[in-house]
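Colleague: Can you keep this structure in mind? I'll have questions shortly.
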Amino acid sequence: MESTYQYSWIIPFIPLPVPILIGVGLLLFPTATKNLRRMWVFPSVLLLSIVMVFSIYLSIQQINNPSIYLSIWSWTINNDFSLEVGYLVDPLTSIMLILITTVGIMVLIYSDNYMSHDQGYLRFFAYMSFFNTSMVGLVTSSNMIQIYFFWELVGMCSYLLIGFWFTRPTAANACQKAFITNRVGDFGLLLGILGFYWITGSLEFRDLFQIFNDLVSNNQVNFLFVTLCAFLLFSGAIAKSAQFPLHVWLPDAMEGPTPISALIHAATMVAAGIFLVARLLPLFIVIPYIMNIIALIGIITLFFGATLALAQKDIKRGLAYSYNVSIGLYDAGSRYGVLSNCFVSFDYSRLF
């Protein structure tokens with residue numbers, strides 16, 4: 001099992017050759033690449049299937065022997081600061097990997113026929129494969145800097161996919177709206193990361209949680225300041241998961257092709273915000289009031305999404321608001337100790 005974990009670092013890079021090869025092919029051999037464009041669905045599905053098999057195997061190992069595997073490579077800049085890169089495998093990572101890969105494979109297979117007559121067929125599969133790479137990298141990150149790096153890559157892929165039919169004014173406006181709204185949350189996330197680094201001096205999840213718990217136990221923190229920093233971290237999840245009040249981009253994002261709506265906004269991208277809350281839960285639960293704030297926003301999102309979904313005449317916009325219901329359910333449930341049940345219900349609501 002240890003040897004399996006040692007090779008887990010390669011998981012995020014497995015789907016990456018597809019967008020690279022498509023880009024190189026279009027630059028060097030544009031005619032041949034376009035003539036053989038339907039063949040690119042095979043490597044896309046094959047490489048993501050390899051990630052899925054690897055993910056299922058890791059999940060089985062986690063069921064038989066729940067554990068946390070962490071590997072870090074450190075690049076020391078000076079005596080006071082070192083930049084660390086690593087990967088983290090735990091039950092949460094395993095759940096998210098299976099969700100991303102299974103939904104991603106089904107969407108890729110469906111997209112082959114759905115997008116077969118579109119002039120942007122190759123561009124579509126390049127974006128989709130790069131998005132899958134970004135999501136897998138996000139859920140295997142071992143520190144806040146890696147999370148933020150892949151967080152921005154996911155946001156960039158979302159912008160490209162929502163605006164896939166950029167010649168349509170509605171699609172162009174929708175991708176800009178999603179980009180600007182998410183930048184609001186991302187800026188808050190960055191400030192929250194810097195705030196907790198200033199408090200604890202660490203960005204690694206393991207060290208961050210341990211140092212912060214020690215500081216709280218010794219009453220050496222300003223709870224007003226840490227509550228603000230925690231809310232700033234949560235603001236990133238609010239924007240990415242389209243929670244109230246940064247939910248406005250999600251219905252308009254349905255202007256993209258239907259497979260994009262299914263993959264990003266019904267399955268994986270909105271799950272990134274929920275994953276962030278779950279990953280930082282050991283930090284949030286020791287901070288007074290922040291869990292109450294998360295639950296309150298979740299309840300507002302739940303009822304707001306359900307109410308607006310009833311008033312929609314466009315089925316895709318109605319589904320977009322219905323996703324808010326599951327997201328709000330998860331946030332409300334995390335406050336009252338039913339994290340695992342809400343996470344399972346969240347995943348199933350995305351799939352169906």
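Following the order of the structure tokens, chains are lettered A, B, ..., residues in each are numbered from 1, and ligands are numbered from 1.
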Write out as a ChimeraX atom specification the set of residues from segment 150-315 of chain A that DSSP, computed on the backbone, places in alpha helix (DSSP H).
Modeller: /A:150-162,169-200,205-217,223-240,249-252,258-260,269-279,281-284,290-310,315
Colleague: Keeping only C-alpha atoms, write those residues as a compact mmCIF listing (two decimals), in the first residue's frame.
Modeller:
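Saved file selection.txt follows:
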# COMPACT_ATOMS: atom_id res chain seq x y z
CA PHE A 150 -5.20 24.83 -8.84
CA TRP A 151 -8.19 26.87 -7.65
CA GLU A 152 -7.25 29.57 -10.16
CA LEU A 153 -6.68 27.01 -12.91
CA VAL A 154 -10.18 25.65 -12.32
CA GLY A 155 -11.52 29.21 -12.54
CA MET A 156 -9.66 29.79 -15.80
CA CYS A 157 -11.01 26.57 -17.32
CA SER A 158 -14.50 27.56 -16.21
CA TYR A 159 -14.14 30.91 -17.98
CA LEU A 160 -13.02 29.20 -21.19
CA LEU A 161 -15.74 26.55 -21.09
CA ILE A 162 -18.63 28.86 -20.22
CA PRO A 169 -23.23 37.65 -26.84
CA THR A 170 -25.04 35.78 -24.05
CA ALA A 171 -22.21 33.28 -23.68
CA ALA A 172 -19.57 36.01 -23.76
CA ASN A 173 -21.39 37.96 -21.07
CA ALA A 174 -21.93 34.83 -18.97
CA CYS A 175 -18.25 33.87 -18.89
CA GLN A 176 -17.26 37.42 -17.94
CA LYS A 177 -19.87 37.45 -15.18
CA ALA A 178 -18.61 34.13 -13.82
CA PHE A 179 -15.00 35.30 -14.00
CA ILE A 180 -15.58 38.58 -12.16
CA THR A 181 -17.82 37.02 -9.49
CA ASN A 182 -15.29 34.29 -8.79
CA ARG A 183 -12.46 36.82 -8.55
CA VAL A 184 -14.29 38.41 -5.62
CA GLY A 185 -14.25 35.11 -3.76
CA ASP A 186 -10.70 34.29 -4.84
CA PHE A 187 -9.41 37.59 -3.48
CA GLY A 188 -11.05 36.82 -0.15
CA LEU A 189 -9.52 33.33 -0.21
CA LEU A 190 -6.06 34.78 -0.81
CA LEU A 191 -6.46 37.24 2.08
CA GLY A 192 -7.61 34.41 4.33
CA ILE A 193 -4.57 32.29 3.40
CA LEU A 194 -2.22 35.19 4.14
CA GLY A 195 -4.02 35.86 7.43
CA PHE A 196 -3.59 32.30 8.70
CA TYR A 197 0.01 32.23 7.50
CA TRP A 198 0.62 35.37 9.56
CA ILE A 199 -0.98 33.69 12.59
CA THR A 200 0.61 30.23 12.36
CA PHE A 205 -2.61 21.60 6.40
CA ARG A 206 -1.12 19.26 8.99
CA ASP A 207 1.08 21.91 10.60
CA LEU A 208 -1.52 24.66 10.21
CA PHE A 209 -4.20 22.70 12.09
CA GLN A 210 -1.82 21.61 14.85
CA ILE A 211 -0.28 25.04 15.45
CA PHE A 212 -3.65 26.78 15.37
CA ASN A 213 -5.20 24.30 17.84
CA ASP A 214 -2.27 24.88 20.20
CA LEU A 215 -2.71 28.64 19.95
CA VAL A 216 -6.44 28.36 20.65
CA SER A 217 -5.83 26.05 23.61
CA PHE A 223 -10.82 35.43 17.90
CA LEU A 224 -12.29 38.41 16.06
CA PHE A 225 -9.35 38.42 13.65
CA VAL A 226 -9.30 34.64 13.11
CA THR A 227 -13.07 34.65 12.55
CA LEU A 228 -12.57 37.28 9.85
CA CYS A 229 -9.77 35.23 8.25
CA ALA A 230 -11.91 32.09 8.38
CA PHE A 231 -14.80 33.91 6.70
CA LEU A 232 -12.43 35.14 4.00
CA LEU A 233 -11.40 31.53 3.37
CA PHE A 234 -15.06 30.57 3.21
CA SER A 235 -15.75 33.40 0.75
CA GLY A 236 -13.73 31.48 -1.82
CA ALA A 237 -16.09 28.55 -1.39
CA ILE A 238 -19.11 30.87 -1.54
CA ALA A 239 -18.09 32.12 -4.99
CA LYS A 240 -16.92 28.80 -6.43
CA TRP A 249 -23.10 33.61 -12.09
CA LEU A 250 -24.41 30.02 -12.03
CA PRO A 251 -27.69 30.32 -14.01
CA ASP A 252 -26.01 32.37 -16.73
CA THR A 258 -24.80 21.01 -22.13
CA PRO A 259 -21.86 18.66 -21.32
CA ILE A 260 -20.04 21.62 -19.77
CA MET A 269 -16.55 22.69 -10.15
CA VAL A 270 -19.22 23.55 -7.60
CA ALA A 271 -17.89 20.63 -5.56
CA ALA A 272 -14.56 22.45 -5.30
CA GLY A 273 -16.05 24.96 -2.88
CA ILE A 274 -17.61 22.20 -0.79
CA PHE A 275 -14.29 20.34 -0.83
CA LEU A 276 -12.55 23.44 0.52
CA VAL A 277 -14.99 23.62 3.45
CA ALA A 278 -14.51 19.92 4.18
CA ARG A 279 -10.71 20.19 3.97
CA LEU A 281 -13.25 21.82 8.72
CA PRO A 282 -10.65 21.02 11.47
CA LEU A 283 -9.78 24.72 11.35
CA PHE A 284 -13.35 26.02 11.28
CA ILE A 290 -17.78 30.69 11.93
CA MET A 291 -19.69 27.39 11.78
CA ASN A 292 -22.88 29.28 12.60
CA ILE A 293 -22.13 31.70 9.75
CA ILE A 294 -21.51 28.79 7.36
CA ALA A 295 -24.78 27.15 8.41
CA LEU A 296 -26.69 30.43 8.03
CA ILE A 297 -25.38 31.03 4.53
CA GLY A 298 -26.17 27.41 3.69
CA ILE A 299 -29.77 27.75 4.87
CA ILE A 300 -30.25 31.01 2.96
CA THR A 301 -28.75 29.43 -0.17
CA LEU A 302 -31.00 26.38 0.23
CA PHE A 303 -34.30 28.30 0.46
CA PHE A 304 -33.23 30.97 -2.02
CA GLY A 305 -32.26 28.37 -4.64
CA ALA A 306 -35.42 26.32 -4.11
CA THR A 307 -37.66 29.38 -4.40
CA LEU A 308 -36.02 30.70 -7.57
CA ALA A 309 -35.96 27.23 -9.15
CA LEU A 310 -39.76 27.09 -8.94
CA ILE A 315 -35.10 23.93 -17.46
Colleague: Near Val103 of chain A, within 9 Å and counting only C-alpha atoms, which residues show up once chain neighbours fewer than 2 positions away are dropped, as a compact mmCIF listing (two decimals) with N, CA, C and O atoms, in the first residue's frame?
Modeller:
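Dumped to part.txt:
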# COMPACT_ATOMS: atom_id res chain seq x y z
N ILE A 98 -12.90 9.90 -7.04
CA ILE A 98 -13.88 9.04 -7.70
C ILE A 98 -14.99 9.87 -8.33
O ILE A 98 -15.42 9.62 -9.47
N LEU A 99 -15.46 10.90 -7.63
CA LEU A 99 -16.50 11.77 -8.17
C LEU A 99 -16.03 12.46 -9.45
O LEU A 99 -16.74 12.44 -10.47
N ILE A 100 -14.85 13.04 -9.43
CA ILE A 100 -14.34 13.79 -10.58
C ILE A 100 -14.15 12.87 -11.79
O ILE A 100 -14.55 13.21 -12.91
N THR A 101 -13.55 11.71 -11.56
CA THR A 101 -13.21 10.84 -12.69
C THR A 101 -14.43 10.14 -13.29
O THR A 101 -14.56 10.06 -14.52
N ILE A 105 -15.59 10.97 -17.06
CA ILE A 105 -15.58 9.96 -18.13
C ILE A 105 -16.93 9.91 -18.83
O ILE A 105 -17.00 9.88 -20.08
N MET A 106 -18.01 9.89 -18.08
CA MET A 106 -19.34 9.84 -18.69
C MET A 106 -19.61 11.06 -19.55
O MET A 106 -20.18 10.96 -20.65
N VAL A 107 -19.17 12.23 -19.08
CA VAL A 107 -19.38 13.46 -19.84
C VAL A 107 -18.54 13.45 -21.12
O VAL A 107 -19.01 13.87 -22.19
N LEU A 108 -17.31 12.97 -21.04
CA LEU A 108 -16.46 12.91 -22.23
C LEU A 108 -17.04 11.97 -23.28
O LEU A 108 -17.04 12.28 -24.49
N ALA A 262 -23.12 20.01 -17.31
CA ALA A 262 -23.18 18.79 -16.52
C ALA A 262 -21.89 18.58 -15.73
O ALA A 262 -21.92 18.24 -14.55
N LEU A 263 -20.75 18.80 -16.37
CA LEU A 263 -19.47 18.50 -15.72
C LEU A 263 -19.10 19.53 -14.68
O LEU A 263 -18.78 19.20 -13.53
N ALA A 267 -21.55 19.03 -11.29
CA ALA A 267 -20.82 17.91 -10.69
C ALA A 267 -19.55 18.34 -9.99
O ALA A 267 -19.43 18.20 -8.78
N THR A 268 -18.58 18.87 -10.70
CA THR A 268 -17.24 18.96 -10.12
C THR A 268 -16.82 20.36 -9.70
O THR A 268 -16.27 20.53 -8.61
N LEU A 351 -24.82 13.69 -9.29
CA LEU A 351 -24.84 12.66 -10.32
C LEU A 351 -26.20 12.53 -10.98
O LEU A 351 -26.31 12.24 -12.17
Colleague: For Ile50 of chain A, list every protein, DNA or RNA residue within 12 Å, evaluated using only C-alpha atoms, and leave out those in the same chain fewer than 6 positions away; present the list as a PDB file with all heavy atoms, in the first residue's frame.
Modeller:
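The result, stored in result.pdb:
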ATOM      1  N   ILE A  10       1.627  11.298  -9.365  1.00  0.00           N
ATOM      2  CA  ILE A  10       1.492  11.358 -10.822  1.00  0.00           C
ATOM      3  C   ILE A  10       0.043  11.507 -11.256  1.00  0.00           C
ATOM      4  O   ILE A  10      -0.234  11.848 -12.410  1.00  0.00           O
ATOM      5  CB  ILE A  10       2.102  10.083 -11.459  1.00  0.00           C
ATOM      6  CG1 ILE A  10       2.464  10.338 -12.925  1.00  0.00           C
ATOM      7  CG2 ILE A  10       1.158   8.888 -11.348  1.00  0.00           C
ATOM      8  CD1 ILE A  10       3.209   9.201 -13.573  1.00  0.00           C
ATOM      9  N   ILE A  11      -0.912  11.299 -10.340  1.00  0.00           N
ATOM     10  CA  ILE A  11      -2.336  11.304 -10.703  1.00  0.00           C
ATOM     11  C   ILE A  11      -2.763  12.589 -11.413  1.00  0.00           C
ATOM     12  O   ILE A  11      -3.410  12.532 -12.460  1.00  0.00           O
ATOM     13  CB  ILE A  11      -3.208  11.047  -9.452  1.00  0.00           C
ATOM     14  CG1 ILE A  11      -3.037   9.604  -8.985  1.00  0.00           C
ATOM     15  CG2 ILE A  11      -4.678  11.319  -9.737  1.00  0.00           C
ATOM     16  CD1 ILE A  11      -3.823   9.272  -7.725  1.00  0.00           C
ATOM     17  N   PRO A  12      -2.433  13.788 -10.901  1.00  0.00           N
ATOM     18  CA  PRO A  12      -2.910  15.002 -11.590  1.00  0.00           C
ATOM     19  C   PRO A  12      -2.344  15.186 -12.993  1.00  0.00           C
ATOM     20  O   PRO A  12      -2.937  15.911 -13.805  1.00  0.00           O
ATOM     21  CB  PRO A  12      -2.437  16.145 -10.665  1.00  0.00           C
ATOM     22  CG  PRO A  12      -2.180  15.512  -9.348  1.00  0.00           C
ATOM     23  CD  PRO A  12      -1.725  14.123  -9.651  1.00  0.00           C
ATOM     24  N   PHE A  13      -1.210  14.542 -13.282  1.00  0.00           N
ATOM     25  CA  PHE A  13      -0.550  14.761 -14.576  1.00  0.00           C
ATOM     26  C   PHE A  13      -0.980  13.766 -15.645  1.00  0.00           C
ATOM     27  O   PHE A  13      -0.617  13.920 -16.807  1.00  0.00           O
ATOM     28  CB  PHE A  13       0.966  14.694 -14.398  1.00  0.00           C
ATOM     29  CG  PHE A  13       1.507  15.693 -13.425  1.00  0.00           C
ATOM     30  CD1 PHE A  13       1.856  15.310 -12.138  1.00  0.00           C
ATOM     31  CD2 PHE A  13       1.651  17.026 -13.772  1.00  0.00           C
ATOM     32  CE1 PHE A  13       2.352  16.236 -11.225  1.00  0.00           C
ATOM     33  CE2 PHE A  13       2.140  17.953 -12.881  1.00  0.00           C
ATOM     34  CZ  PHE A  13       2.478  17.556 -11.594  1.00  0.00           C
ATOM     35  N   ILE A  14      -1.738  12.741 -15.267  1.00  0.00           N
ATOM     36  CA  ILE A  14      -2.116  11.713 -16.244  1.00  0.00           C
ATOM     37  C   ILE A  14      -2.992  12.269 -17.366  1.00  0.00           C
ATOM     38  O   ILE A  14      -2.749  11.981 -18.541  1.00  0.00           O
ATOM     39  CB  ILE A  14      -2.799  10.525 -15.527  1.00  0.00           C
ATOM     40  CG1 ILE A  14      -1.782   9.801 -14.634  1.00  0.00           C
ATOM     41  CG2 ILE A  14      -3.387   9.545 -16.543  1.00  0.00           C
ATOM     42  CD1 ILE A  14      -2.367   8.664 -13.813  1.00  0.00           C
ATOM     43  N   PRO A  15      -4.036  13.101 -17.087  1.00  0.00           N
ATOM     44  CA  PRO A  15      -4.837  13.625 -18.212  1.00  0.00           C
ATOM     45  C   PRO A  15      -4.178  14.774 -18.968  1.00  0.00           C
ATOM     46  O   PRO A  15      -4.695  15.214 -20.001  1.00  0.00           O
ATOM     47  CB  PRO A  15      -6.119  14.140 -17.512  1.00  0.00           C
ATOM     48  CG  PRO A  15      -6.064  13.658 -16.108  1.00  0.00           C
ATOM     49  CD  PRO A  15      -4.620  13.490 -15.786  1.00  0.00           C
ATOM     50  N   PRO A  43      -7.936   8.894 -26.274  1.00  0.00           N
ATOM     51  CA  PRO A  43      -6.940   9.145 -25.219  1.00  0.00           C
ATOM     52  C   PRO A  43      -7.504   9.931 -24.041  1.00  0.00           C
ATOM     53  O   PRO A  43      -7.078   9.733 -22.901  1.00  0.00           O
ATOM     54  CB  PRO A  43      -5.834   9.922 -25.934  1.00  0.00           C
ATOM     55  CG  PRO A  43      -6.449  10.472 -27.166  1.00  0.00           C
ATOM     56  CD  PRO A  43      -7.505   9.484 -27.551  1.00  0.00           C
ATOM     57  N   SER A  44      -8.481  10.814 -24.299  1.00  0.00           N
ATOM     58  CA  SER A  44      -9.071  11.578 -23.195  1.00  0.00           C
ATOM     59  C   SER A  44      -9.759  10.651 -22.203  1.00  0.00           C
ATOM     60  O   SER A  44      -9.555  10.741 -20.990  1.00  0.00           O
ATOM     61  CB  SER A  44     -10.081  12.599 -23.741  1.00  0.00           C
ATOM     62  OG  SER A  44      -9.475  13.515 -24.610  1.00  0.00           O
ATOM     63  N   ILE A  56     -10.129   4.373  -7.406  1.00  0.00           N
ATOM     64  CA  ILE A  56     -10.905   3.301  -6.787  1.00  0.00           C
ATOM     65  C   ILE A  56     -10.007   2.427  -5.922  1.00  0.00           C
ATOM     66  O   ILE A  56     -10.380   2.028  -4.808  1.00  0.00           O
ATOM     67  CB  ILE A  56     -11.622   2.463  -7.868  1.00  0.00           C
ATOM     68  CG1 ILE A  56     -12.686   3.305  -8.563  1.00  0.00           C
ATOM     69  CG2 ILE A  56     -12.242   1.203  -7.263  1.00  0.00           C
ATOM     70  CD1 ILE A  56     -13.338   2.615  -9.746  1.00  0.00           C
ATOM     71  N   TYR A  57      -8.814   2.138  -6.426  1.00  0.00           N
ATOM     72  CA  TYR A  57      -7.876   1.323  -5.640  1.00  0.00           C
ATOM     73  C   TYR A  57      -7.488   2.034  -4.344  1.00  0.00           C
ATOM     74  O   TYR A  57      -7.445   1.417  -3.270  1.00  0.00           O
ATOM     75  CB  TYR A  57      -6.625   1.031  -6.473  1.00  0.00           C
ATOM     76  CG  TYR A  57      -5.610   0.186  -5.742  1.00  0.00           C
ATOM     77  CD1 TYR A  57      -5.823  -1.180  -5.568  1.00  0.00           C
ATOM     78  CD2 TYR A  57      -4.448   0.747  -5.223  1.00  0.00           C
ATOM     79  CE1 TYR A  57      -4.897  -1.963  -4.898  1.00  0.00           C
ATOM     80  CE2 TYR A  57      -3.527  -0.019  -4.543  1.00  0.00           C
ATOM     81  CZ  TYR A  57      -3.752  -1.373  -4.389  1.00  0.00           C
ATOM     82  OH  TYR A  57      -2.841  -2.139  -3.710  1.00  0.00           O
ATOM     83  N   LEU A  97     -11.794  12.158  -5.789  1.00  0.00           N
ATOM     84  CA  LEU A  97     -11.184  11.613  -7.004  1.00  0.00           C
ATOM     85  C   LEU A  97     -12.164  10.729  -7.760  1.00  0.00           C
ATOM     86  O   LEU A  97     -12.250  10.795  -8.994  1.00  0.00           O
ATOM     87  CB  LEU A  97      -9.917  10.830  -6.653  1.00  0.00           C
ATOM     88  CG  LEU A  97      -8.676  11.653  -6.310  1.00  0.00           C
ATOM     89  CD1 LEU A  97      -7.542  10.737  -5.861  1.00  0.00           C
ATOM     90  CD2 LEU A  97      -8.222  12.494  -7.497  1.00  0.00           C
ATOM     91  N   ILE A  98     -12.896   9.902  -7.043  1.00  0.00           N
ATOM     92  CA  ILE A  98     -13.883   9.038  -7.701  1.00  0.00           C
ATOM     93  C   ILE A  98     -14.991   9.874  -8.330  1.00  0.00           C
ATOM     94  O   ILE A  98     -15.419   9.623  -9.472  1.00  0.00           O
ATOM     95  CB  ILE A  98     -14.460   8.026  -6.691  1.00  0.00           C
ATOM     96  CG1 ILE A  98     -13.389   7.021  -6.278  1.00  0.00           C
ATOM     97  CG2 ILE A  98     -15.659   7.289  -7.300  1.00  0.00           C
ATOM     98  CD1 ILE A  98     -13.846   6.026  -5.241  1.00  0.00           C
ATOM     99  N   THR A 101     -13.554  11.714 -11.565  1.00  0.00           N
ATOM    100  CA  THR A 101     -13.214  10.839 -12.694  1.00  0.00           C
ATOM    101  C   THR A 101     -14.427  10.142 -13.286  1.00  0.00           C
ATOM    102  O   THR A 101     -14.561  10.057 -14.520  1.00  0.00           O
ATOM    103  CB  THR A 101     -12.170   9.794 -12.259  1.00  0.00           C
ATOM    104  OG1 THR A 101     -12.648   9.092 -11.092  1.00  0.00           O
ATOM    105  CG2 THR A 101     -10.852  10.461 -11.930  1.00  0.00           C
ATOM    106  N   THR A 102     -15.329   9.639 -12.451  1.00  0.00           N
ATOM    107  CA  THR A 102     -16.496   8.924 -12.994  1.00  0.00           C
ATOM    108  C   THR A 102     -17.414   9.859 -13.776  1.00  0.00           C
ATOM    109  O   THR A 102     -17.831   9.534 -14.900  1.00  0.00           O
ATOM    110  CB  THR A 102     -17.289   8.244 -11.866  1.00  0.00           C
ATOM    111  OG1 THR A 102     -17.579   9.199 -10.834  1.00  0.00           O
ATOM    112  CG2 THR A 102     -16.510   7.089 -11.269  1.00  0.00           C
ATOM    113  N   ILE A 105     -15.592  10.970 -17.060  1.00  0.00           N
ATOM    114  CA  ILE A 105     -15.581   9.963 -18.130  1.00  0.00           C
ATOM    115  C   ILE A 105     -16.926   9.911 -18.835  1.00  0.00           C
ATOM    116  O   ILE A 105     -17.001   9.884 -20.078  1.00  0.00           O
ATOM    117  CB  ILE A 105     -15.207   8.580 -17.558  1.00  0.00           C
ATOM    118  CG1 ILE A 105     -13.726   8.553 -17.168  1.00  0.00           C
ATOM    119  CG2 ILE A 105     -15.500   7.473 -18.564  1.00  0.00           C
ATOM    120  CD1 ILE A 105     -13.329   7.335 -16.379  1.00  0.00           C
TER     121      ILE A 105
END
Colleague: Between A:Leu58, A:Leu48, A:Leu319, A:Ile63, which has the minimum distance to Leu88 of chain A (counting only C-alpha atoms)?
Modeller: A:Leu58
Colleague: Got a sec: who's within 9 Å of segment 28-39 of chain A, counting only C-alpha atoms, leaving out chain neighbours fewer than 3 positions off, as a ChimeraX atom specification?
Modeller: /A:22-25,42-43,112,116,121-122
Colleague: To one decimal place, how far is atom CA of Glu204 of chain A from atom CA of Glu84 of chain A in Å?
Modeller: 8.1 Å
Colleague: Just want the 8 Å neighbourhood of Phe164 of chain A, counted on only C-alpha atoms, with same-chain residues fewer than 5 positions away dropped. Output as a PDB file with C-alpha atoms, in the first residue's frame.
Modeller:
ATOM      1  CA  PHE A 124     -13.535  21.474 -26.354  1.00  0.00           C
ATOM      2  CA  ALA A 171     -22.209  33.276 -23.684  1.00  0.00           C
ATOM      3  CA  GLY A 256     -22.156  26.848 -22.427  1.00  0.00           C
ATOM      4  CA  PRO A 257     -22.689  23.465 -24.130  1.00  0.00           C
TER       5      PRO A 257
END
Colleague: So, counting only C-alpha atoms, which residue among A:Ser241, A:Ser202, A:Asn132, A:Gln146 is closest to Leu47 of chain A?
Modeller: A:Asn132
Colleague: By how many Å are atom CA of Ala311 of chain A and atom CA of Arg168 of chain A apart?
Modeller: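 Computed distance, atom CA of Ala311 of chain A to atom CA of Arg168 of chain A, equals 25.2 Å.
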Colleague: Between atom CA of Tyr321 of chain A and atom CA of Leu280 of chain A, what is the distance, to one decimal in Å?
Modeller: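 We find that atom CA of Tyr321 of chain A and atom CA of Leu280 of chain A lie 25.6 Å from each other.
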